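Student: Next up is a structure, given as structure tokens.
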Amino acid sequence: MTSRTSNVSSSSRGRDEPARPAPTSVAPAPPGKPFQVKLVLLGEAAVGKSSLVLRFVNNEYQDNKEPTIGAAFLTQKCRLDDKVVKFEIWDTAGQERFHSLAPMYYRNAQAAVVVYDVTKAPSLDRAKSWVKELHRQANPNIVIALVGNKLDLVVSSGVPRAVDAEEARVYAEEMGLLWFETSAKTGEGVSEVFTEIAKKIPFDLLTPRGRPNAITGAAGANGGQNSVAAGADGRVDLGIAGGAQAQSGCAC
Amino acid sequence: MHTPILDDFMFGVRRNLKPPDFRREECQLGVLTFSFKQDESDSPKGHSSSSSATSIIIGRAQLLKDLSHPNLCQYVEILKGRRDQIYVVSEHYDKSLLSEVEQSGPIVSIERLRRWTFQILCGLCHLKDHGIAHRNIGTNNILLDPKDNVKISNYGLFHMTVGGQEVNFPIGYPRYLSPELIVSNKRKRSQTSWKQDVWALGILLFELHTGRTFLSDAPTLSDLLTTIASARTHPETGVITNLTDIERWLEESSLDADLRQFAGACLCPDPTRRPDPQSLLSHSFFANIPPAPIPPSHQTTLADDVEIDEDDDGVLTLRFGRDGPVKRLNPGAPGKRSQPSDTDVRVVQPPERLTLREVFYLWKLSGGDVEVELAKQGLGWSPSIYRLPTHVRSESRVHRPAASHDGIKPDSVSAGSLSVNPRPAPVIVEERERELLELYSDRVYTMSLASVRSVLVEAADPNPSQSDSGGTKGSVETMPVNNAYFWFDSVLCPEESGDDVIPQARIPLATRERDMRYQYARMELFARMLLEWPTEKEQLIVEAKVDIPPIYRGKVWAALLDVEGDVNIEYLEIDKETETETDRQLDADIPRCHQYNELLSSPEGHTRLRRVLKAWLAAEQDRLVYWQGLDSLAAVFLSLNFNEEALAFACFQRFVGKFLGNFFVHDNSPVFQEYMCSFQHLLSFHEPALSAYVHSIGLHPDLYAIPWVMTLFAHVFNLEKVYHLYDKFIVGPPSLPLFFGVAILAQAKESIMTREFNECMLLFADLPESVDVDLCLTHALQMCKTTPNSLLPVAVSGGKLNSVDEDGESEGLESIDFLSRPVDVRKQELVGRVLFHDALKMLPHALVLDVRQADDFLSHHVFHSMNVSSLELDSVVTYLRLAAEETTYVLILADEDRSLAAIRLSQQLVSLEFEHVVLVDASFEILSTQAEFIGHLCGCECVSETFTKTTDGASPGDESTIEIEICHCSSAAPKF
Ligand SMILES: Nc1nc2c(ncn2[C@@H]2O[C@H](COP(=O)(O)OP(=O)(O)OP(=O)(O)O)[C@@H](O)[C@H]2O)c(=O)[nH]1
Ligand SMILES: [Mg+2]
């Protein structure tokens, strides 16, 4: 261990506030002051969530994309009129067993993309139950888009359609969701999903969005709050807020 | 010292030849290559279907590599070229039945014909046992070894191409086609039929005996086929009629009566009356031949074939499975030649017998490259040896070659399971056909193994002057010995290196794995140890910790994982077929699992992975369930033991048991939390600065480490990296993977600590490429050694308290054997807690910080401990740092009242980058009830020291100075 001076400057600290080092770097707010939007992707396994994100973020497509374990994180900026929106995308695992992790990703999300596969009827049922859960437990202002993916299969590969477009559209309308059909493979409809979401985000409610108390040590803050996923509470919240705090600091 | 002996790489010949024989060039590796239509007009779609055909073929070809029989040319490797063409590498000999006839005319020796025929049948029966029909028999495909033994070659083409469906050239030579095949429809034509092979054998005999090419006078291919198809069976005698050539031959008076009868049986046009290869073995034609080696009966297609070698002294060597144990039997006891029940998959062949596959592997290590080799021999970039001459329908209509079709469709093959072999007697064909015929060639490229041989001779005989092995070294072309490989000898003679330091550890693993001589030495060593397993288990572990020769990895892992007993039987008994709820998920995941790997991306690979996973699920009987990611893990073991599913399964099952115990239960969130909690505490313990930082930005392990711990990185890295990782995991403690995760973070420390949350998360996405597995492993092992077990999840700490010291007695500790707080509470703490027994062991090596009230401290305290009741740490940091430098650990003690203060102190210390900080879990009150603890207590008057602290005020210049007292046990004041 290297020896350091004992004359360390110390800011006065509340007795019950856990120790935390000063942030080492504070990212300067970019000139366009992008709005940060936390977006979560939900849906049955293999419907193409990761493929949609990959198309949106890198404009790439990969056959046989490997399954997502836990979740993956990506970001992408998107211009909308005078605003720049930066999506912080949490792409979750589709298998039902990972369900208990989902709340930590959708809590505090401003947007959700719920994906089904137009060639697999059960995937729409799964999507519907996600929508239900989001309505019940997520941020009340959350913007939800229902997306039927793998459109290319019914359009050009002759795979029979299993989810009627009209039926899905009507359902989406009833539930107040945006609705799209896409193909991550061809790219059809993908960027629209994200731009339309961006348009619907109530930015006035969001600014300023950094929560001053967001970064707290693990010892405080989360105990006893929602316990949908035991032990999963608030962890992503911490992270996102941490990223956002610098922004809000400048925005104020 | 054991001297490896390697002979001329021929199967069926005992390999005890002395070095000069290395230079005999009798057996070679032959390479045959074919490709799909690389059509000018190929759309991207066409391309993808040709690569899927390649993958189908490569998947199916795996079985062939395990076929081992004295009368079959061993398949060595089936490779995919850079342009999706296939290279088939196999044992090869220059002599063939064709070359014999060309050289010496008709074969008149009945004895020779009898022996050849018998050997061909033996080979065919062996193939049939594995569900394979040759369907490509011809005089040029039956090779002869130097002892005039039959070596059937190219027998796998029909099988690997799914009856020719996956390629657009026909398989089989027209003049050997049986009548029923010519008139049958396209689907039938691609069906496996052993009767076709029997007919072809009959024609073959005709050609050998007469020295003539059958139907060489047919003006066109259509005429040829029409002639064959017109053959009829005499309703009573079953004898062939309507095929003059054959009839005349069978009636020749000079023909040996037995041969006549035998050939007649083969050439019965009615397939239902034609015998199959098995029954022909007992034909009177072979009456004088000693009882045949009975081909084993195979219930499964797992690798359980038996190789039978007979050496010069007539001693038979049976080998069970490619790498099976060896049994030596005396001749004349054919009854014993059937497969014994105690097959043991672990055992590999004795080191003195390298298989061709091993030789090929060494050849590649020595720089051999099939494509380069073929290019040297004049093969351009677009090889297509088996180019299609033409397709002919049974109605004798000439078809356009399939090359004009789009993509590779099963029906493009339809028309033609027929082809023309132009070499012996080009059939006169129509103009268009002739043009195409020129594309056709049977050429087998041969590869020299001279460089491997010479190096191995040298390796086998490092001290020619002291040994009597012939001393021919000088005459052998040798490769210069690079001084860098000084360890080579020490590997061969471990007794000479009395040093504890493993010499080769200084050379990067990648270099070691590419060094042919080093690998050869390792192969010998491991082959011997595996053979003697489990006697040699200890040594095996020691050597495996150094490195594992990649070619034996599957077997070595199995031994290290204690795979025992007959895994095949166990595996066979498991229900892998019944549909379950999980199937849908499996079907979604398997086609996405490590698909860059040729084997795993093949349909065969999908089928096998599915079976292995279903077997595992069935075997775990709902105690454990399928979680996404498990497929990646199973794939690691399957890819290593592709032909030995049962072994793959057994290794997978044991590996999961050892490292992932209860991770795959229905609700794994408690286990999961336990791991994440542990991960955080380990990070704080070893990398305090990093831990404090990631904690401060909210980068919790749950966000990135789920695939790490759940799939043990099988989902994170590519297979090559995973193999190397598991090489070490398997011989390491079960906690090693966790430490490996910590080491990854430590390696990326600088990048992480200069990034915000989002950027860090993105950084993790790129981790697979940037992680240096070797470095992380070394670091992980170091951390392992200094970590108290209490910080580990119960599942991997094994309940054995051996991390602090080795003696680990833990009896009689009851309630203090478990951490007092539930995991979700501990998870909120940055710093981990240690149990009483770990604390006791750490005490002598620790700076003990006691946060109780000063009065309590004065009355009783641990020897050498220090009272830090004040939280104004800053002023005493230097002092504490110096004190901590003297010790290995920092232990924090508290009573019930001050437990929060202890937590805060621990977090402060971590933020201040103190390493190895832990909280003692039990309170002082509870500790004081333990006799062992009381022995550590002291009641001295203590010594106080005063420190000054400068506090920054609100503005510069507005500073104040505070005096702080620290009180420590007087029994041993830290000396500074
Ligand atoms: N034809 C077609 N295939 C697609 C499309 N999107 C995804 N796929 C394929 O569907 C499979 C699953 O895609 P993923 O993106 O991994 O699906 P996911 O929803 O992220 O799956 P999980 O991570 O397991 O939940 C992959 O083989 C993709 O190549 C699409 O738009 N069209
Ligand atoms: Mg995914």
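Just so we're on the same page: first chain in the structure tokens is A, next is B, and so on; residues restart at 1 for each chain, and ligands are numbered from 1 in the order they show up.
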Once you count only C-alpha atoms and all ligand atoms, which residues end up within 10 Å of ligand 2, and could you hand them over as a PDB file with N, CA and C atoms, in the first residue's frame?
Tutor:
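The result, stored in result.pdb:
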```
ATOM      1  N   LEU A  41     -36.269  -3.659 -23.753  1.00  0.00           N
ATOM      2  CA  LEU A  41     -36.885  -4.576 -24.709  1.00  0.00           C
ATOM      3  C   LEU A  41     -37.346  -5.823 -23.996  1.00  0.00           C
ATOM      4  N   LEU A  42     -38.597  -6.181 -24.242  1.00  0.00           N
ATOM      5  CA  LEU A  42     -39.148  -7.361 -23.605  1.00  0.00           C
ATOM      6  C   LEU A  42     -39.795  -8.238 -24.671  1.00  0.00           C
ATOM      7  N   GLY A  43     -39.950  -9.490 -24.372  1.00  0.00           N
ATOM      8  CA  GLY A  43     -40.593 -10.387 -25.330  1.00  0.00           C
ATOM      9  C   GLY A  43     -40.014 -11.778 -25.236  1.00  0.00           C
ATOM     10  N   GLU A  44     -40.754 -12.696 -25.761  1.00  0.00           N
ATOM     11  CA  GLU A  44     -40.359 -14.108 -25.696  1.00  0.00           C
ATOM     12  C   GLU A  44     -38.982 -14.334 -26.328  1.00  0.00           C
ATOM     13  N   ALA A  45     -38.366 -15.432 -25.926  1.00  0.00           N
ATOM     14  CA  ALA A  45     -37.049 -15.764 -26.466  1.00  0.00           C
ATOM     15  C   ALA A  45     -37.114 -15.920 -27.977  1.00  0.00           C
ATOM     16  N   ALA A  46     -36.085 -15.460 -28.617  1.00  0.00           N
ATOM     17  CA  ALA A  46     -35.884 -15.659 -30.064  1.00  0.00           C
ATOM     18  C   ALA A  46     -36.871 -14.936 -30.970  1.00  0.00           C
ATOM     19  N   VAL A  47     -37.593 -13.975 -30.438  1.00  0.00           N
ATOM     20  CA  VAL A  47     -38.470 -13.205 -31.313  1.00  0.00           C
ATOM     21  C   VAL A  47     -37.670 -12.166 -32.102  1.00  0.00           C
ATOM     22  N   GLY A  48     -36.462 -11.885 -31.636  1.00  0.00           N
ATOM     23  CA  GLY A  48     -35.608 -10.953 -32.381  1.00  0.00           C
ATOM     24  C   GLY A  48     -35.355  -9.637 -31.676  1.00  0.00           C
ATOM     25  N   LYS A  49     -35.400  -9.624 -30.373  1.00  0.00           N
ATOM     26  CA  LYS A  49     -35.133  -8.390 -29.623  1.00  0.00           C
ATOM     27  C   LYS A  49     -33.710  -7.889 -29.881  1.00  0.00           C
ATOM     28  N   SER A  50     -32.778  -8.786 -29.666  1.00  0.00           N
ATOM     29  CA  SER A  50     -31.378  -8.381 -29.852  1.00  0.00           C
ATOM     30  C   SER A  50     -31.122  -7.985 -31.306  1.00  0.00           C
ATOM     31  N   SER A  51     -31.765  -8.687 -32.207  1.00  0.00           N
ATOM     32  CA  SER A  51     -31.562  -8.373 -33.623  1.00  0.00           C
ATOM     33  C   SER A  51     -32.101  -6.988 -33.955  1.00  0.00           C
ATOM     34  N   LEU A  52     -33.233  -6.638 -33.355  1.00  0.00           N
ATOM     35  CA  LEU A  52     -33.787  -5.296 -33.580  1.00  0.00           C
ATOM     36  C   LEU A  52     -32.821  -4.226 -33.076  1.00  0.00           C
ATOM     37  N   VAL A  53     -32.281  -4.450 -31.897  1.00  0.00           N
ATOM     38  CA  VAL A  53     -31.360  -3.469 -31.336  1.00  0.00           C
ATOM     39  C   VAL A  53     -30.108  -3.366 -32.200  1.00  0.00           C
ATOM     40  N   LEU A  54     -29.621  -4.511 -32.610  1.00  0.00           N
ATOM     41  CA  LEU A  54     -28.411  -4.525 -33.427  1.00  0.00           C
ATOM     42  C   LEU A  54     -28.656  -3.764 -34.738  1.00  0.00           C
ATOM     43  N   LYS A  65     -28.222 -15.119 -34.195  1.00  0.00           N
ATOM     44  CA  LYS A  65     -27.747 -14.294 -33.074  1.00  0.00           C
ATOM     45  C   LYS A  65     -27.882 -15.107 -31.790  1.00  0.00           C
ATOM     46  N   GLU A  66     -26.823 -15.083 -30.991  1.00  0.00           N
ATOM     47  CA  GLU A  66     -26.869 -15.913 -29.790  1.00  0.00           C
ATOM     48  C   GLU A  66     -27.876 -15.356 -28.776  1.00  0.00           C
ATOM     49  N   PRO A  67     -28.442 -16.229 -27.953  1.00  0.00           N
ATOM     50  CA  PRO A  67     -29.417 -15.769 -26.962  1.00  0.00           C
ATOM     51  C   PRO A  67     -28.782 -14.779 -25.981  1.00  0.00           C
ATOM     52  N   THR A  68     -29.616 -13.938 -25.433  1.00  0.00           N
ATOM     53  CA  THR A  68     -29.142 -12.988 -24.439  1.00  0.00           C
ATOM     54  C   THR A  68     -29.301 -13.615 -23.053  1.00  0.00           C
ATOM     55  N   ILE A  69     -28.254 -13.585 -22.304  1.00  0.00           N
ATOM     56  CA  ILE A  69     -28.333 -14.101 -20.936  1.00  0.00           C
ATOM     57  C   ILE A  69     -28.343 -12.885 -20.015  1.00  0.00           C
ATOM     58  N   GLY A  70     -29.287 -12.839 -19.096  1.00  0.00           N
ATOM     59  CA  GLY A  70     -29.380 -11.664 -18.238  1.00  0.00           C
ATOM     60  C   GLY A  70     -29.902 -10.492 -19.047  1.00  0.00           C
ATOM     61  N   ALA A  71     -29.015  -9.614 -19.437  1.00  0.00           N
ATOM     62  CA  ALA A  71     -29.420  -8.500 -20.283  1.00  0.00           C
ATOM     63  C   ALA A  71     -28.193  -7.935 -20.967  1.00  0.00           C
ATOM     64  N   ALA A  72     -28.446  -7.204 -22.050  1.00  0.00           N
ATOM     65  CA  ALA A  72     -27.351  -6.520 -22.724  1.00  0.00           C
ATOM     66  C   ALA A  72     -27.679  -5.037 -22.758  1.00  0.00           C
ATOM     67  N   ASP A  91     -31.570  -4.664 -23.343  1.00  0.00           N
ATOM     68  CA  ASP A  91     -32.114  -5.774 -24.115  1.00  0.00           C
ATOM     69  C   ASP A  91     -32.114  -6.992 -23.181  1.00  0.00           C
ATOM     70  N   THR A  92     -33.288  -7.459 -22.857  1.00  0.00           N
ATOM     71  CA  THR A  92     -33.366  -8.484 -21.808  1.00  0.00           C
ATOM     72  C   THR A  92     -33.392  -9.905 -22.375  1.00  0.00           C
ATOM     73  N   ALA A  93     -33.247 -10.854 -21.494  1.00  0.00           N
ATOM     74  CA  ALA A  93     -33.306 -12.263 -21.872  1.00  0.00           C
ATOM     75  C   ALA A  93     -34.769 -12.652 -22.050  1.00  0.00           C
ATOM     76  N   GLY A  94     -35.038 -13.480 -23.042  1.00  0.00           N
ATOM     77  CA  GLY A  94     -36.417 -13.794 -23.346  1.00  0.00           C
ATOM     78  C   GLY A  94     -37.005 -14.945 -22.555  1.00  0.00           C
ATOM     79  N   GLN A  95     -36.158 -15.811 -22.068  1.00  0.00           N
ATOM     80  CA  GLN A  95     -36.708 -17.000 -21.422  1.00  0.00           C
ATOM     81  C   GLN A  95     -37.495 -16.604 -20.176  1.00  0.00           C
TER      82      GLN A  95
END
```
Student: List every residue of range 652-743 of chain B that has an atom at most 8 Å from any atom of range 783-796 of chain B, and for each one report the closest atom pair and its distance in Å to one decimal, counting only C-alpha atoms, with rows sorted by chain and then by increasing residue number, as CSV.
Tutor:
```
residue,atom,partner,partner_atom,distance
B:Phe659,CA,B:Val796,CA,7.2
B:Gly661,CA,B:Ala795,CA,6.8
B:Asn662,CA,B:Ala795,CA,7.9
B:Glu674,CA,B:Pro793,CA,5.8
B:Tyr675,CA,B:Pro793,CA,5.9
B:Ser678,CA,B:Leu792,CA,5.6
B:His681,CA,B:Leu791,CA,6.7
B:Leu682,CA,B:Leu791,CA,6.8
B:His686,CA,B:Met783,CA,7.3
B:Pro733,CA,B:Val796,CA,8.0
B:Pro734,CA,B:Val796,CA,5.3
B:Ser735,CA,B:Val796,CA,5.3
B:Leu736,CA,B:Cys784,CA,6.9
B:Phe739,CA,B:Cys784,CA,6.7
```
Student: Export, as a PDB file, in the first residue's frame, the selected residues with N, CA and C atoms.
Tutor:
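Done, and the output landed in out_30.pdb:
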```pdb
ATOM      1  N   PHE B 659     -19.224 -27.070 -10.565  1.00  0.00           N
ATOM      2  CA  PHE B 659     -19.086 -25.619 -10.566  1.00  0.00           C
ATOM      3  C   PHE B 659     -20.392 -24.858 -10.445  1.00  0.00           C
ATOM      4  N   GLY B 661     -23.383 -26.229  -9.191  1.00  0.00           N
ATOM      5  CA  GLY B 661     -24.272 -26.944  -8.282  1.00  0.00           C
ATOM      6  C   GLY B 661     -25.745 -26.635  -8.419  1.00  0.00           C
ATOM      7  N   ASN B 662     -26.201 -25.638  -7.688  1.00  0.00           N
ATOM      8  CA  ASN B 662     -27.644 -25.415  -7.677  1.00  0.00           C
ATOM      9  C   ASN B 662     -28.044 -24.182  -8.469  1.00  0.00           C
ATOM     10  N   GLU B 674     -26.451 -14.772  -3.768  1.00  0.00           N
ATOM     11  CA  GLU B 674     -25.295 -15.210  -3.019  1.00  0.00           C
ATOM     12  C   GLU B 674     -24.016 -14.986  -3.843  1.00  0.00           C
ATOM     13  N   TYR B 675     -24.088 -15.343  -5.101  1.00  0.00           N
ATOM     14  CA  TYR B 675     -22.929 -15.176  -5.957  1.00  0.00           C
ATOM     15  C   TYR B 675     -22.593 -13.719  -6.193  1.00  0.00           C
ATOM     16  N   SER B 678     -21.140 -12.247  -3.151  1.00  0.00           N
ATOM     17  CA  SER B 678     -19.785 -12.708  -3.002  1.00  0.00           C
ATOM     18  C   SER B 678     -18.852 -11.995  -3.981  1.00  0.00           C
ATOM     19  N   HIS B 681     -18.004  -8.629  -2.719  1.00  0.00           N
ATOM     20  CA  HIS B 681     -17.104  -8.670  -1.575  1.00  0.00           C
ATOM     21  C   HIS B 681     -15.683  -9.071  -1.969  1.00  0.00           C
ATOM     22  N   LEU B 682     -15.600  -9.968  -2.918  1.00  0.00           N
ATOM     23  CA  LEU B 682     -14.266 -10.353  -3.381  1.00  0.00           C
ATOM     24  C   LEU B 682     -13.579  -9.177  -4.062  1.00  0.00           C
ATOM     25  N   HIS B 686     -10.037  -7.571  -2.854  1.00  0.00           N
ATOM     26  CA  HIS B 686      -8.812  -7.574  -3.652  1.00  0.00           C
ATOM     27  C   HIS B 686      -8.567  -6.290  -4.422  1.00  0.00           C
ATOM     28  N   PRO B 733      -9.909 -24.923  -7.856  1.00  0.00           N
ATOM     29  CA  PRO B 733     -11.002 -24.989  -6.884  1.00  0.00           C
ATOM     30  C   PRO B 733     -12.302 -24.487  -7.522  1.00  0.00           C
ATOM     31  N   PRO B 734     -13.441 -24.916  -6.989  1.00  0.00           N
ATOM     32  CA  PRO B 734     -14.705 -24.507  -7.601  1.00  0.00           C
ATOM     33  C   PRO B 734     -14.928 -22.994  -7.560  1.00  0.00           C
ATOM     34  N   SER B 735     -14.186 -22.298  -6.727  1.00  0.00           N
ATOM     35  CA  SER B 735     -14.383 -20.855  -6.656  1.00  0.00           C
ATOM     36  C   SER B 735     -13.601 -20.121  -7.741  1.00  0.00           C
ATOM     37  N   LEU B 736     -12.757 -20.835  -8.449  1.00  0.00           N
ATOM     38  CA  LEU B 736     -11.896 -20.170  -9.431  1.00  0.00           C
ATOM     39  C   LEU B 736     -12.657 -19.299 -10.439  1.00  0.00           C
ATOM     40  N   PHE B 739     -13.265 -15.885  -9.070  1.00  0.00           N
ATOM     41  CA  PHE B 739     -12.043 -15.089  -9.036  1.00  0.00           C
ATOM     42  C   PHE B 739     -11.652 -14.652 -10.435  1.00  0.00           C
TER      43      PHE B 739
END
```
Student: Looking only at strand (DSSP E or B) from DSSP on the backbone, list the matching residues of range 57-221 of chain A as JSON, numbers by chain.
Tutor: {"A": [71, 72, 73, 74, 75, 76, 77, 78, 79, 80, 83, 84, 85, 86, 87, 88, 89, 90, 91, 92, 111, 112, 113, 114, 115, 116, 117, 143, 144, 145, 146, 147, 148, 149, 178, 179, 180, 181]}
Student: May I have a table of the residues of chain B lying at most 8 Å from ligand 1, giving each one's closest pair of atoms and their distance in Å to one decimal, counting only C-alpha atoms and all ligand atoms, ordered by chain and ascending residue number, as JSON lines?
Tutor:
```
{"residue": "B:Ala588", "atom": "CA", "partner": "ligand 1", "partner_atom_place_in_ligand_line": "12 (C)", "distance": 7.4}
{"residue": "B:Asp589", "atom": "CA", "partner": "ligand 1", "partner_atom_place_in_ligand_line": "24 (O)", "distance": 6.8}
{"residue": "B:Pro591", "atom": "CA", "partner": "ligand 1", "partner_atom_place_in_ligand_line": "27 (O)", "distance": 7.1}
{"residue": "B:Arg592", "atom": "CA", "partner": "ligand 1", "partner_atom_place_in_ligand_line": "27 (O)", "distance": 5.9}
{"residue": "B:Gln628", "atom": "CA", "partner": "ligand 1", "partner_atom_place_in_ligand_line": "24 (O)", "distance": 7.4}
```
Student: Can you list, as a list in words, every protein, DNA or RNA residue that comes within 12 Å of Asn139 in chain A when you count only C-alpha atoms, leaving out same-chain residues fewer than 3 positions away?
Tutor: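 Result of the neighbour search: Lys38, Leu39, Val40, Pro103, Tyr105, Tyr106, Arg107, Asn108, Ala109, Gln110, Ala111, Ala112, Glu133, Leu134, His135, Arg136, Ile142, Val143, Ile144 and Leu206 of chain A.
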Student: Point out the residue among A:Leu80, A:Val163, A:Pro140, A:Asn149 with the least atom-to-atom distance to Asp125 in chain A, counting only C-alpha atoms.
Tutor: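 Closest to Asp125 in chain A, using only C-alpha atoms: A:Val163.
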Student: Per DSSP on the backbone, filter range 621-713 of chain B down to the residues in helix (DSSP H, G or I) and report them as a PyMOL selection string.
Tutor: chain B and resi 630-640+645-659+669-686+688-696+701-703+706-711
Student: Pick from A:Thr119, A:Ser191, A:Asn59, A:Thr75: nearest to chain B, with only C-alpha atoms counted?
Tutor: A:Thr75
Student: In Å to one decimal, how far is CA of Val636 in chain B from CA of Val722 in chain B?
Tutor: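 Calculated distance between CA of Val722 in chain B and CA of Val636 in chain B is 7.6 Å.
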Student: Compute the set of chain B residues within 7 Å of chain A, using only C-alpha atoms, and express it as a count of residues only.
Tutor: 40
Student: Measure the distance from CA of Arg512 in chain B to CA of Arg357 in chain B in Å and round it to one decimal.
Tutor: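 For CA of Arg512 in chain B relative to CA of Arg357 in chain B, the distance reads 19.6 Å.
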Student: So what do you get for CA of Asp148 in chain B versus CA of Gln119 in chain B, distance-wise?
Tutor: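 We find that CA of Asp148 in chain B and CA of Gln119 in chain B lie 10.6 Å from each other.
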Student: Tell me which protein, DNA and RNA residues are within 8 Å of Met710 in chain B, counting only C-alpha atoms, leaving out same-chain ones fewer than 6 positions away, and put them as an MDAnalysis selection string.
Tutor: chainID B and resid 629:630 660 663
Student: Just all heavy atoms for this one: save the residues we selected as an mmCIF file, in the first residue's frame.
Tutor:
```
data_model
loop_
_atom_site.group_PDB
_atom_site.id
_atom_site.type_symbol
_atom_site.label_atom_id
_atom_site.label_comp_id
_atom_site.auth_asym_id
_atom_site.auth_seq_id
_atom_site.Cartn_x
_atom_site.Cartn_y
_atom_site.Cartn_z
ATOM 1 N N GLY B 629 -28.519 -20.458 -21.880
ATOM 2 C CA GLY B 629 -27.096 -20.333 -21.586
ATOM 3 C C GLY B 629 -26.484 -21.692 -21.307
ATOM 4 O O GLY B 629 -25.310 -21.928 -21.564
ATOM 5 N N LEU B 630 -27.339 -22.584 -20.816
ATOM 6 C CA LEU B 630 -26.868 -23.932 -20.539
ATOM 7 C C LEU B 630 -26.444 -24.624 -21.843
ATOM 8 O O LEU B 630 -25.548 -25.463 -21.855
ATOM 9 C CB LEU B 630 -28.005 -24.711 -19.883
ATOM 10 C CG LEU B 630 -27.643 -25.936 -19.075
ATOM 11 C CD1 LEU B 630 -26.642 -25.598 -17.994
ATOM 12 C CD2 LEU B 630 -28.887 -26.520 -18.433
ATOM 13 N N LEU B 660 -21.482 -25.495 -10.823
ATOM 14 C CA LEU B 660 -22.710 -24.718 -10.888
ATOM 15 C C LEU B 660 -23.810 -25.342 -10.058
ATOM 16 O O LEU B 660 -24.973 -25.008 -10.221
ATOM 17 C CB LEU B 660 -23.148 -24.581 -12.353
ATOM 18 C CG LEU B 660 -22.222 -23.696 -13.183
ATOM 19 C CD1 LEU B 660 -22.345 -24.020 -14.647
ATOM 20 C CD2 LEU B 660 -22.555 -22.235 -12.941
ATOM 21 N N PHE B 663 -27.254 -23.881 -9.465
ATOM 22 C CA PHE B 663 -27.555 -22.682 -10.250
ATOM 23 C C PHE B 663 -28.760 -22.858 -11.141
ATOM 24 O O PHE B 663 -29.378 -21.904 -11.569
ATOM 25 C CB PHE B 663 -26.365 -22.316 -11.127
ATOM 26 C CG PHE B 663 -25.868 -20.958 -10.828
ATOM 27 C CD1 PHE B 663 -24.767 -20.781 -10.016
ATOM 28 C CD2 PHE B 663 -26.532 -19.845 -11.310
ATOM 29 C CE1 PHE B 663 -24.321 -19.522 -9.698
ATOM 30 C CE2 PHE B 663 -26.097 -18.578 -10.993
ATOM 31 C CZ PHE B 663 -24.989 -18.415 -10.193
#
```
Student: Taking into account only C-alpha atoms, which residue in the set A:Val131, A:Ala184, A:Leu146, A:Ala121 is nearest to Arg161 in chain A?
Tutor: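 Distance minimum relative to Arg161 in chain A lands on A:Ala121.
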Student: Counting only C-alpha atoms, figure out which residue out of A:Glu196, A:Asp82, A:Lys150, A:Ala145 gets nearest to Tyr171 in chain A.
Tutor: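 Using only C-alpha atoms, the shortest distance to Tyr171 in chain A belongs to A:Ala145.
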